[in-house]
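Colleague: File name structure_5.cif; file contents mmCIF, C-alpha atoms; full text below.
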data_query
#
loop_
_atom_site.label_atom_id
_atom_site.label_comp_id
_atom_site.auth_asym_id
_atom_site.auth_seq_id
_atom_site.Cartn_x
_atom_site.Cartn_y
_atom_site.Cartn_z
CA MET A 1 20.42 -23.72 -29.13
CA ARG A 2 20.10 -20.04 -28.34
CA PRO A 3 17.25 -18.42 -30.30
CA THR A 4 17.99 -15.27 -32.28
CA LEU A 5 16.24 -12.01 -31.57
CA ASP A 6 16.49 -9.13 -34.06
CA CYS A 7 15.47 -6.36 -31.68
CA GLY A 8 16.74 -8.09 -28.57
CA TRP A 9 18.61 -4.98 -27.43
CA ILE A 10 15.32 -3.08 -27.18
CA TYR A 11 13.76 -5.70 -24.91
CA ARG A 12 16.89 -6.06 -22.81
CA GLY A 13 17.04 -2.24 -22.63
CA ILE A 14 13.47 -2.12 -21.29
CA LEU A 15 14.34 -4.71 -18.65
CA ARG A 16 17.57 -2.94 -17.64
CA ALA A 17 15.81 0.41 -17.40
CA ALA A 18 13.13 -1.16 -15.17
CA ALA A 19 15.84 -2.75 -13.02
CA LEU A 20 17.05 0.75 -12.10
CA LEU A 21 13.96 1.05 -9.90
CA LEU A 22 15.27 -1.76 -7.70
CA PRO A 23 17.93 -1.61 -5.02
CA ARG A 24 21.34 -2.47 -6.47
CA SER A 25 21.61 -5.69 -4.45
CA GLU A 26 18.37 -7.12 -5.90
CA ARG A 27 18.99 -6.23 -9.55
CA PRO A 28 21.12 -9.21 -10.68
CA GLU A 29 18.65 -11.91 -9.59
CA TRP A 30 15.65 -9.92 -10.82
CA LEU A 31 17.29 -9.35 -14.23
CA THR A 32 18.32 -13.01 -14.46
CA GLU A 33 14.71 -14.11 -13.98
CA TRP A 34 13.28 -11.65 -16.53
CA ASN A 35 16.03 -12.30 -19.11
CA SER A 36 15.54 -16.03 -18.67
CA GLU A 37 11.77 -15.74 -19.20
CA LEU A 38 12.39 -13.51 -22.25
CA TRP A 39 14.66 -16.21 -23.67
CA TYR A 40 11.86 -18.77 -23.34
CA LEU A 41 9.37 -16.36 -24.87
CA VAL A 42 11.68 -15.99 -27.89
CA SER A 43 12.19 -19.72 -28.16
CA ALA A 44 8.41 -20.34 -28.14
CA ASN A 45 8.44 -19.65 -31.92
CA CYS A 46 5.27 -17.61 -32.14
CA PRO A 47 4.49 -15.94 -35.52
CA ALA A 48 6.74 -12.97 -36.31
CA ALA A 49 3.76 -10.63 -36.77
CA CYS A 50 2.59 -10.94 -33.19
CA PHE A 51 5.93 -11.65 -31.59
CA SER A 52 7.21 -8.07 -31.25
CA LEU A 53 3.95 -6.93 -29.65
CA LYS A 54 3.96 -9.91 -27.30
CA ALA A 55 7.60 -9.42 -26.32
CA THR A 56 7.13 -5.66 -25.81
CA CYS A 57 4.06 -6.19 -23.61
CA PHE A 58 5.95 -8.86 -21.68
CA CYS A 59 8.95 -6.58 -21.08
CA LEU A 60 6.81 -3.57 -20.18
CA GLY A 61 5.26 -5.72 -17.44
CA SER A 62 8.68 -5.72 -15.80
CA TRP A 63 8.16 -2.05 -14.89
CA LYS A 64 5.10 -2.94 -12.86
CA ASP A 65 7.01 -5.74 -11.17
CA ALA A 66 9.98 -3.49 -10.39
CA ALA A 67 7.68 -0.73 -9.12
CA TRP A 68 5.91 -3.24 -6.85
CA LEU A 69 9.22 -4.45 -5.46
CA ARG A 70 10.40 -0.90 -4.93
CA ARG A 71 7.18 0.04 -3.15
CA ASN A 72 7.09 -3.07 -0.99
CA GLY A 73 10.77 -3.80 -0.60
CA GLU A 74 11.02 -2.49 2.93
CA CYS A 75 14.75 -3.05 3.17
CA HIS A 76 15.25 -0.52 0.42
CA MET A 77 12.71 2.00 1.63
CA PHE A 78 13.99 2.08 5.17
CA ALA A 79 17.63 1.15 4.63
CA PRO A 80 19.69 3.58 6.66
CA ARG A 81 22.38 5.40 4.71
CA LEU A 82 25.73 5.17 6.49
CA TRP A 83 26.51 8.88 6.06
CA LEU A 84 23.10 9.87 7.45
CA ARG A 85 22.71 7.28 10.20
CA SER A 86 23.61 9.33 13.25
CA PRO A 87 22.68 13.03 13.71
CA VAL A 88 26.36 14.01 13.86
CA LEU A 89 27.16 12.19 10.62
CA CYS A 90 24.07 13.66 8.95
CA VAL A 91 24.89 17.25 9.95
CA SER A 92 28.56 16.74 9.03
CA PHE A 93 27.61 15.39 5.61
CA LEU A 94 25.25 18.30 4.93
CA THR A 95 27.85 20.81 6.19
CA VAL A 96 30.51 19.42 3.86
CA LEU A 97 28.05 19.48 0.95
CA ALA A 98 27.03 23.07 1.75
CA ALA A 99 30.69 24.14 2.08
CA VAL A 100 31.68 22.52 -1.23
CA THR A 101 28.76 23.99 -3.20
CA THR A 102 29.26 27.45 -1.66
CA ALA A 103 33.02 27.37 -2.28
CA LEU A 104 32.42 26.39 -5.90
CA ALA A 105 29.94 29.23 -6.31
CA PHE A 106 32.47 31.71 -4.85
CA TYR A 107 35.21 30.30 -7.05
CA GLU A 108 33.08 30.79 -10.14
CA SER A 109 32.10 34.30 -8.90
CA LEU A 110 28.44 33.30 -9.12
CA LEU A 111 27.48 34.92 -5.83
CA GLN A 112 28.26 38.45 -7.05
CA SER A 113 26.35 40.93 -9.16
CA PRO A 114 25.04 40.72 -11.91
CA TYR A 115 24.13 37.10 -11.05
CA VAL A 116 22.85 37.83 -7.55
CA ASP A 117 21.08 41.06 -6.60
CA ARG A 118 18.15 42.15 -4.40
CA ARG A 119 15.49 41.02 -6.88
CA PHE A 120 17.20 37.66 -7.15
CA ALA A 121 17.11 37.26 -3.36
CA LEU A 122 13.39 38.09 -3.30
CA ALA A 123 12.81 35.57 -6.08
CA GLN A 124 14.56 32.96 -3.92
CA LEU A 125 12.25 33.67 -0.99
CA PHE A 126 9.26 33.34 -3.32
CA GLN A 127 10.54 30.01 -4.63
CA ILE A 128 11.07 28.69 -1.10
CA ALA A 129 7.49 29.70 -0.24
CA VAL A 130 6.13 27.98 -3.37
CA ALA A 131 8.15 24.81 -2.63
CA ILE A 132 6.69 24.70 0.91
CA LEU A 133 3.18 25.19 -0.50
CA ILE A 134 3.61 22.29 -2.97
CA LEU A 135 5.01 19.98 -0.29
CA PRO A 136 1.71 18.79 1.30
CA ALA A 137 0.57 17.47 -2.09
CA THR A 138 3.36 14.88 -2.15
CA THR A 139 4.09 13.89 1.44
CA PRO A 140 2.28 14.14 4.78
CA MET A 141 3.38 17.22 6.74
CA THR A 142 3.72 15.23 9.98
CA LEU A 143 7.04 14.81 11.72
CA GLY A 144 6.40 11.30 13.00
CA ALA A 145 6.71 10.48 16.68
CA GLY A 146 9.09 13.34 17.43
CA GLY A 147 6.56 15.92 16.33
CA ALA A 148 4.15 14.88 19.07
CA ALA A 149 5.22 16.47 22.33
CA ALA A 150 3.74 13.66 24.44
CA GLU A 151 6.05 11.08 22.83
CA LEU A 152 9.27 12.75 23.99
CA PRO A 153 10.59 12.17 27.49
CA SER A 154 12.01 15.62 28.31
CA HIS A 155 12.17 19.25 27.22
CA TRP A 156 15.82 18.85 26.27
CA THR A 157 14.99 15.92 23.95
CA ARG A 158 12.22 17.95 22.37
CA LEU A 159 14.50 20.93 21.92
CA ARG A 160 17.20 18.74 20.35
CA TRP A 161 14.64 17.25 17.96
CA TRP A 162 13.58 20.68 16.71
CA LEU A 163 17.15 21.99 16.67
CA PHE A 164 18.24 19.10 14.46
CA LEU A 165 15.36 19.86 12.08
CA VAL A 166 16.25 23.56 11.92
CA VAL A 167 19.96 22.86 11.34
CA LYS A 168 19.14 20.48 8.47
CA ALA A 169 16.74 23.02 6.92
CA THR A 170 19.38 25.75 7.25
CA LEU A 171 21.98 23.62 5.51
CA ILE A 172 19.64 22.57 2.72
CA LEU A 173 19.12 26.19 1.61
CA PRO A 174 22.75 26.91 0.59
CA ILE A 175 23.12 23.39 -0.86
CA VAL A 176 20.18 23.91 -3.23
CA PHE A 177 20.94 27.57 -3.94
CA CYS A 178 24.67 27.22 -4.64
CA GLY A 179 24.30 23.72 -6.10
CA THR A 180 21.85 24.98 -8.72
CA LEU A 181 24.14 27.92 -9.53
CA ASP A 182 27.15 25.58 -9.82
CA PHE A 183 25.56 22.81 -11.82
CA GLY A 184 22.72 24.73 -13.46
CA PRO A 185 24.54 25.14 -16.79
CA PHE A 186 24.93 21.35 -17.02
CA ILE A 187 21.28 20.53 -16.35
CA ALA A 188 19.31 23.37 -17.92
CA SER A 189 19.65 26.51 -19.99
CA SER A 190 19.71 29.80 -18.08
CA GLY A 191 16.01 30.35 -18.78
CA LEU A 192 15.08 27.19 -16.91
CA ARG A 193 17.35 27.77 -13.91
CA PRO A 194 14.61 29.23 -11.66
CA GLN A 195 12.50 26.10 -12.22
CA ALA A 196 15.51 23.92 -11.40
CA MET A 197 15.92 25.85 -8.12
CA LEU A 198 12.23 25.45 -7.29
CA ILE A 199 12.48 21.69 -7.87
CA GLY A 200 15.67 21.62 -5.80
CA TYR A 201 14.02 23.39 -2.85
CA PHE A 202 10.99 21.14 -3.10
CA LEU A 203 13.07 17.92 -3.13
CA GLY A 204 15.25 19.24 -0.30
CA PHE A 205 12.30 20.05 1.97
CA ARG A 206 10.63 16.77 1.13
CA TRP A 207 13.77 14.84 2.09
CA LEU A 208 13.93 16.91 5.30
CA LEU A 209 10.47 15.71 6.40
CA VAL A 210 10.94 12.10 5.29
CA ASP A 211 14.33 11.83 7.00
CA GLN A 212 13.03 13.38 10.24
CA ARG A 213 10.14 10.88 10.36
CA LYS A 214 12.56 7.93 10.07
CA ARG A 215 14.58 8.93 13.15
CA CYS A 216 14.38 7.88 16.76
CA PRO A 217 12.91 10.84 18.64
CA VAL A 218 15.27 10.24 21.56
CA CYS A 219 18.73 9.74 20.02
CA LEU A 220 17.91 11.05 16.49
CA ARG A 221 19.58 8.05 14.85
CA GLN A 222 17.91 6.50 11.79
CA LEU A 223 15.61 3.61 12.69
CA THR A 224 16.61 0.15 11.49
CA ASN A 225 15.45 -3.49 11.19
CA PRO A 226 12.17 -2.98 9.31
CA ILE A 227 9.60 -5.73 9.72
CA ARG A 228 6.37 -5.84 7.72
CA ILE A 229 3.29 -6.46 9.85
CA GLY A 230 -0.15 -7.46 8.59
CA GLN A 231 -1.39 -7.67 5.03
CA ALA A 232 -2.32 -4.96 2.57
CA SER A 233 -5.77 -6.50 2.07
CA SER A 234 -6.60 -6.33 5.80
CA THR A 235 -6.57 -2.65 6.58
CA VAL A 236 -9.92 -1.93 8.17
CA LEU A 237 -9.64 -3.55 11.58
CA ASP A 238 -6.14 -5.04 11.42
CA TRP A 239 -2.92 -3.11 11.33
CA TYR A 240 -0.82 -3.05 8.18
CA GLY A 241 2.51 -1.34 8.08
CA THR A 242 6.16 -1.54 9.02
CA GLU A 243 7.75 -1.73 12.43
CA LEU A 244 11.14 -0.11 12.85
CA MET A 245 13.49 -0.28 15.79
CA CYS A 246 15.95 2.11 17.36
CA GLU A 247 19.27 0.28 17.46
CA LYS A 248 20.00 1.87 20.85
CA GLY A 249 16.79 0.36 22.26
CA HIS A 250 14.86 3.60 22.85
CA GLY A 251 11.71 2.28 21.22
CA LEU A 252 9.76 0.97 18.25
CA MET A 253 8.16 3.00 15.49
CA TYR A 254 5.05 1.82 13.64
CA VAL A 255 4.75 3.31 10.16
CA PRO A 256 1.32 2.77 8.53
CA GLY A 257 1.41 1.08 5.14
CA THR A 258 -1.61 2.93 3.85
CA LEU A 259 -3.73 5.86 4.96
CA ALA A 260 -6.82 3.62 4.76
CA ASN A 261 -5.49 1.85 7.82
CA SER A 262 -7.33 2.02 11.11
CA TYR A 263 -4.07 3.49 12.49
CA SER A 264 -3.09 6.09 9.94
CA THR A 265 -0.34 7.94 11.79
CA HIS A 266 3.16 7.04 12.98
CA ARG A 267 3.14 5.54 16.46
CA TRP A 268 6.11 5.45 18.80
CA LEU A 269 6.34 2.78 21.48
CA ARG A 270 8.88 3.85 24.08
CA LEU A 271 10.90 1.02 25.66
CA ASP A 272 12.10 1.54 29.20
CA SER A 273 15.62 0.77 30.41
CA SER A 274 14.74 -2.87 31.26
CA TRP A 275 14.81 -3.60 27.50
CA ARG A 276 18.27 -2.05 27.03
CA SER A 277 20.14 -5.35 27.62
CA LEU A 278 18.62 -6.77 24.40
CA PHE A 279 20.27 -4.07 22.30
CA LEU A 280 23.90 -3.35 21.51
CA MET B 281 -8.53 -15.05 16.09
CA VAL B 282 -6.64 -13.39 13.26
CA ALA B 283 -8.73 -13.24 10.10
CA GLU B 284 -7.14 -14.52 6.89
CA ALA B 285 -6.61 -11.92 4.21
CA LYS B 286 -8.83 -12.43 1.16
CA LEU B 287 -7.09 -13.58 -1.99
CA THR B 288 -7.86 -11.61 -5.13
CA HIS B 289 -9.27 -13.45 -8.13
CA SER B 290 -5.94 -13.07 -9.98
CA ALA B 291 -3.94 -14.40 -7.03
CA THR B 292 -6.29 -17.37 -6.75
CA MET B 293 -5.91 -18.11 -10.47
CA ILE B 294 -2.14 -17.99 -10.09
CA LEU B 295 -2.23 -20.38 -7.12
CA GLN B 296 -4.47 -22.69 -9.14
CA ALA B 297 -2.09 -22.52 -12.11
CA ILE B 298 0.92 -23.39 -9.95
CA ASP B 299 -0.99 -26.25 -8.37
CA ALA B 300 -1.85 -27.52 -11.87
CA GLY B 301 1.85 -27.79 -12.71
CA ASN B 302 2.63 -24.42 -14.26
CA VAL B 303 5.65 -23.70 -12.13
CA TYR B 304 7.38 -20.76 -13.83
CA GLY B 305 6.28 -17.23 -14.74
CA LEU B 306 5.71 -17.65 -18.48
CA SER B 307 3.67 -20.83 -18.13
CA ILE B 308 1.59 -19.20 -15.39
CA MET B 309 0.88 -16.34 -17.80
CA ASP B 310 -0.17 -18.83 -20.47
CA ALA B 311 -2.34 -20.80 -18.06
CA THR B 312 -4.12 -17.82 -16.56
CA GLY B 313 -4.17 -15.45 -19.53
CA LEU B 314 -2.89 -12.68 -17.23
CA PRO B 315 -0.21 -10.22 -18.41
CA SER B 316 3.32 -10.24 -17.02
CA GLY B 317 2.68 -6.98 -15.17
CA THR B 318 0.03 -8.78 -13.10
CA VAL B 319 1.59 -12.21 -12.73
CA TYR B 320 5.07 -11.29 -11.46
CA PRO B 321 4.01 -8.76 -8.79
CA ALA B 322 1.36 -11.27 -7.65
CA LEU B 323 4.03 -13.97 -7.40
CA ARG B 324 6.16 -11.65 -5.24
CA ARG B 325 3.21 -10.93 -2.99
CA LEU B 326 2.23 -14.59 -2.67
CA GLU B 327 5.84 -15.46 -1.83
CA ARG B 328 6.00 -12.69 0.76
CA ASP B 329 2.81 -14.05 2.34
CA ALA B 330 4.42 -17.55 2.40
CA LEU B 331 1.74 -19.07 0.13
CA ILE B 332 4.34 -20.05 -2.46
CA ARG B 333 8.11 -20.43 -2.43
CA SER B 334 10.57 -20.06 -5.27
CA SER B 335 13.78 -21.86 -6.12
CA TRP B 336 16.23 -21.65 -8.98
CA GLU B 337 16.71 -24.67 -11.20
CA PRO B 338 20.26 -26.11 -10.78
CA GLN B 339 22.58 -24.37 -13.23
CA LYS B 340 24.11 -27.73 -14.22
CA ILE B 341 20.82 -28.97 -15.68
CA ALA B 342 20.23 -25.74 -17.59
CA ASP B 343 23.80 -25.70 -18.93
CA ALA B 344 23.46 -29.31 -20.12
CA GLU B 345 20.40 -28.34 -22.16
CA GLN B 346 22.00 -25.05 -23.35
CA ARG B 347 19.32 -22.80 -21.94
CA PRO B 348 19.10 -20.33 -19.05
CA ALA B 349 18.09 -21.59 -15.62
CA ARG B 350 14.49 -20.94 -14.60
CA LYS B 351 12.98 -19.83 -11.37
CA TYR B 352 10.36 -22.33 -10.24
CA TYR B 353 7.44 -21.61 -7.94
CA LYS B 354 5.82 -24.16 -5.65
CA LEU B 355 2.83 -24.02 -3.30
CA THR B 356 3.57 -24.16 0.40
CA ARG B 357 1.35 -26.07 2.81
CA SER B 358 -0.51 -22.90 3.77
CA GLY B 359 -0.78 -22.00 0.07
CA LYS B 360 -2.50 -25.35 -0.61
CA ALA B 361 -4.90 -24.78 2.27
CA ARG B 362 -5.71 -21.28 1.03
CA LEU B 363 -6.25 -22.57 -2.50
CA GLU B 364 -8.69 -25.18 -1.25
CA SER B 365 -10.72 -22.57 0.60
CA ALA B 366 -10.54 -20.25 -2.43
CA GLN B 367 -11.78 -23.04 -4.72
CA GLN B 368 -14.92 -23.22 -2.60
CA ARG B 369 -15.33 -19.49 -3.10
CA TYR B 370 -14.65 -19.65 -6.86
CA PRO B 371 -16.09 -23.07 -7.92
CA LEU B 372 -15.39 -22.52 -11.63
CA LEU B 373 -11.72 -21.90 -11.05
CA ALA B 374 -10.58 -25.50 -11.37
CA ALA B 375 -12.63 -25.93 -14.55
CA LEU B 376 -11.18 -22.73 -16.04
CA ALA B 377 -7.63 -23.91 -15.44
CA THR B 378 -8.42 -27.29 -17.04
CA VAL B 379 -9.98 -25.66 -20.11
CA ARG B 380 -7.01 -23.31 -20.56
CA LYS B 381 -4.61 -26.22 -20.25
CA GLY B 382 -6.48 -28.11 -22.94
CA GLU B 383 -6.46 -25.19 -25.41
#
Is it possible to give me this structure as structure tokens?
Modeller:
Amino acid sequence: MRPTLDCGWIYRGILRAAALLLPRSERPEWLTEWNSELWYLVSANCPAACFSLKATCFCLGSWKDAAWLRRNGECHMFAPRLWLRSPVLCVSFLTVLAAVTTALAFYESLLQSPYVDRRFALAQLFQIAVAILILPATTPMTLGAGGAAAELPSHWTRLRWWLFLVVKATLILPIVFCGTLDFGPFIASSGLRPQAMLIGYFLGFRWLLVDQRKRCPVCLRQLTNPIRIGQASSTVLDWYGTELMCEKGHGLMYVPGTLANSYSTHRWLRLDSSWRSLFL
Amino acid sequence: MVAEAKLTHSATMILQAIDAGNVYGLSIMDATGLPSGTVYPALRRLERDALIRSSWEPQKIADAEQRPARKYYKLTRSGKARLESAQQRYPLLAALATVRKGE
């Protein structure tokens, strides 16, 4: 017989909220396991006085579990997004987003005075500078294999790498600027709009770096097929991290799992044309 | 030769609990006294390292007893070998598991 649970919705709510940390594909099985265990906890008939504390502690543990899976679920961390996979798709997606947000801002007459004037433009430059200053506190400022000149085969490849980065950065600026003007009233009062813009610039630049690091330095496509190598507890002399592959067969990228690793930077292993037959 | 990664004390206790017959999350928590926030991530890690494997109970059995199906954990061969070497490192581990079971 199914046991009754007075505040069951609270516990199920905690579990469902924790499940949001997981990739969508893993949520159903994860929730089934936790809900099943909660059912058995309820049916254990422990005294009512201690039950709510026990059940709450049990359900709060699900956050730690979900966070662990999110951190270590490599498929989620490195899963390529279809609309960002190739450089053309990525630039097209950002261009469409920039065009839509800018058109909306024009339509709402938000890009004219009194909303936008010279002081406002200076404030934007200041916010961009602050966002760039905050960036190193949250993510390494390296650009992965492509940032190292020695890893790239030719000047043209190097130029394309930097050009792609500049184009993405240029498109992010109008997306954040116009996007915050368009949707600002929905997310914050007018007094908080500058802070929303600062957060927007910060998140945009952070994504820019993270996305650039996950790309093949030769063809600029997102790297795929993540494989975990080593163990987190063996980081001093062994290597612990994730190996990613360019689906066009240009090479393999080694991403360190922790900075305490003996190899603490991204490494790119270039594959010559003899390997090409193994790839599509 | 590739060195084996050291098992933490919690992970060893969980392996010991599974070996003693506590094959699902809640019973492992009871046997080890560890909170859910420690046990479940440790189970994921042990499964990723191929020291344990999990399987869902057949739905038919659970339906017949009008309860939800459970996810069971079982030691793999390498998990058993690692537990044996860990028991030499933590000699009181087996005794602790027996005491907790008897409580």
Colleague: Up to 12 Å from chain A, what residues of chain B turn up? Count all atoms listed in the file and give them as a PyMOL selection string.
Modeller: chain B and resi 281-288+304-310+314-326+328-330+334-337+342-352
Colleague: Considering all atoms listed in the file, state which residue in the set B:Lys354, B:Lys360, B:Arg369, B:His289 is at the smallest distance from Asn302 (chain B).
Modeller: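 Checking each candidate against Asn302 (chain B), we get B:Lys354 as the closest.
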Colleague: To one decimal place, how far is CA of Ile229 (chain A) from CA of Trp30 (chain A) in Å?
Modeller: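 Computed distance, CA of Ile229 (chain A) to CA of Trp30 (chain A), equals 24.3 Å.
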Colleague: Calculate how many Å separate CA of Gly13 (chain A) from CA of Ala44 (chain A), rounding to one decimal.
Modeller: 20.8 Å
Colleague: Report as a list in words all protein, DNA and RNA residues lying within 7 Å of region 244-257 of chain A, evaluated on all atoms listed in the file, omitting residues in the same chain fewer than 6 positions from it.
Modeller: Cys216, Val218, Leu223, Thr224, Asn225, Pro226, Ile227, Tyr263, Ser264, Thr265, His266, Arg267, Trp268, Leu269, Arg270, Leu271, Trp275, Arg276, Phe279 and Leu280 of chain A
Colleague: Need the shell around Leu198 (chain A): protein/DNA/RNA residues with any atom at most 9 Å away, counting only C-alpha atoms. Skip same-chain ones fewer than 6 positions apart. Format as a list in words?
Modeller: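 Here the qualifying residues turn out to be Gln124, Gln127, Ile128, Val130 and Ala131 of chain A.
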Colleague: Excluding same-chain residues fewer than 2 positions from Leu173 (chain A), what lies within 10 Å of it counting all atoms listed in the file, as number ranges by chain?
Modeller: A: 98, 124, 128, 168-171, 175-179, 200-201, 204-205
Colleague: Using CA of Cys219 (chain A) and CA of Leu159 (chain A) as the two end points, give the distance in Å to one decimal.
Modeller: 12.1 Å
Colleague: Quick one: apply the PyMOL selection byres ((chain A and resi 85-90) around 12) to the file and drop the selected residues here as number ranges by chain.
Modeller: A: 78-84, 91-97, 160-161, 163-165, 167-168, 171-172, 208, 211-212, 214-224, 246-248
Colleague: Evaluate the PyMOL selection byres ((chain B and resi 370) around 12) and record the selected residues as a VMD selection string, following the chain and residue labels used in the document.
Modeller: chain B and resid 287 to 293 296 363 to 369 371 to 377
Colleague: Give me a file of those residues, with C-alpha atoms, as an mmCIF file, in the frame of the given file.
Modeller:
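The result, written out as part.cif:
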data_model
loop_
_atom_site.group_PDB
_atom_site.id
_atom_site.type_symbol
_atom_site.label_atom_id
_atom_site.label_comp_id
_atom_site.auth_asym_id
_atom_site.auth_seq_id
_atom_site.Cartn_x
_atom_site.Cartn_y
_atom_site.Cartn_z
ATOM 1 C CA LEU B 287 -7.090 -13.580 -1.990
ATOM 2 C CA THR B 288 -7.860 -11.610 -5.130
ATOM 3 C CA HIS B 289 -9.270 -13.450 -8.130
ATOM 4 C CA SER B 290 -5.940 -13.070 -9.980
ATOM 5 C CA ALA B 291 -3.940 -14.400 -7.030
ATOM 6 C CA THR B 292 -6.290 -17.370 -6.750
ATOM 7 C CA MET B 293 -5.910 -18.110 -10.470
ATOM 8 C CA GLN B 296 -4.470 -22.690 -9.140
ATOM 9 C CA LEU B 363 -6.250 -22.570 -2.500
ATOM 10 C CA GLU B 364 -8.690 -25.180 -1.250
ATOM 11 C CA SER B 365 -10.720 -22.570 0.600
ATOM 12 C CA ALA B 366 -10.540 -20.250 -2.430
ATOM 13 C CA GLN B 367 -11.780 -23.040 -4.720
ATOM 14 C CA GLN B 368 -14.920 -23.220 -2.600
ATOM 15 C CA ARG B 369 -15.330 -19.490 -3.100
ATOM 16 C CA PRO B 371 -16.090 -23.070 -7.920
ATOM 17 C CA LEU B 372 -15.390 -22.520 -11.630
ATOM 18 C CA LEU B 373 -11.720 -21.900 -11.050
ATOM 19 C CA ALA B 374 -10.580 -25.500 -11.370
ATOM 20 C CA ALA B 375 -12.630 -25.930 -14.550
ATOM 21 C CA LEU B 376 -11.180 -22.730 -16.040
ATOM 22 C CA ALA B 377 -7.630 -23.910 -15.440
#
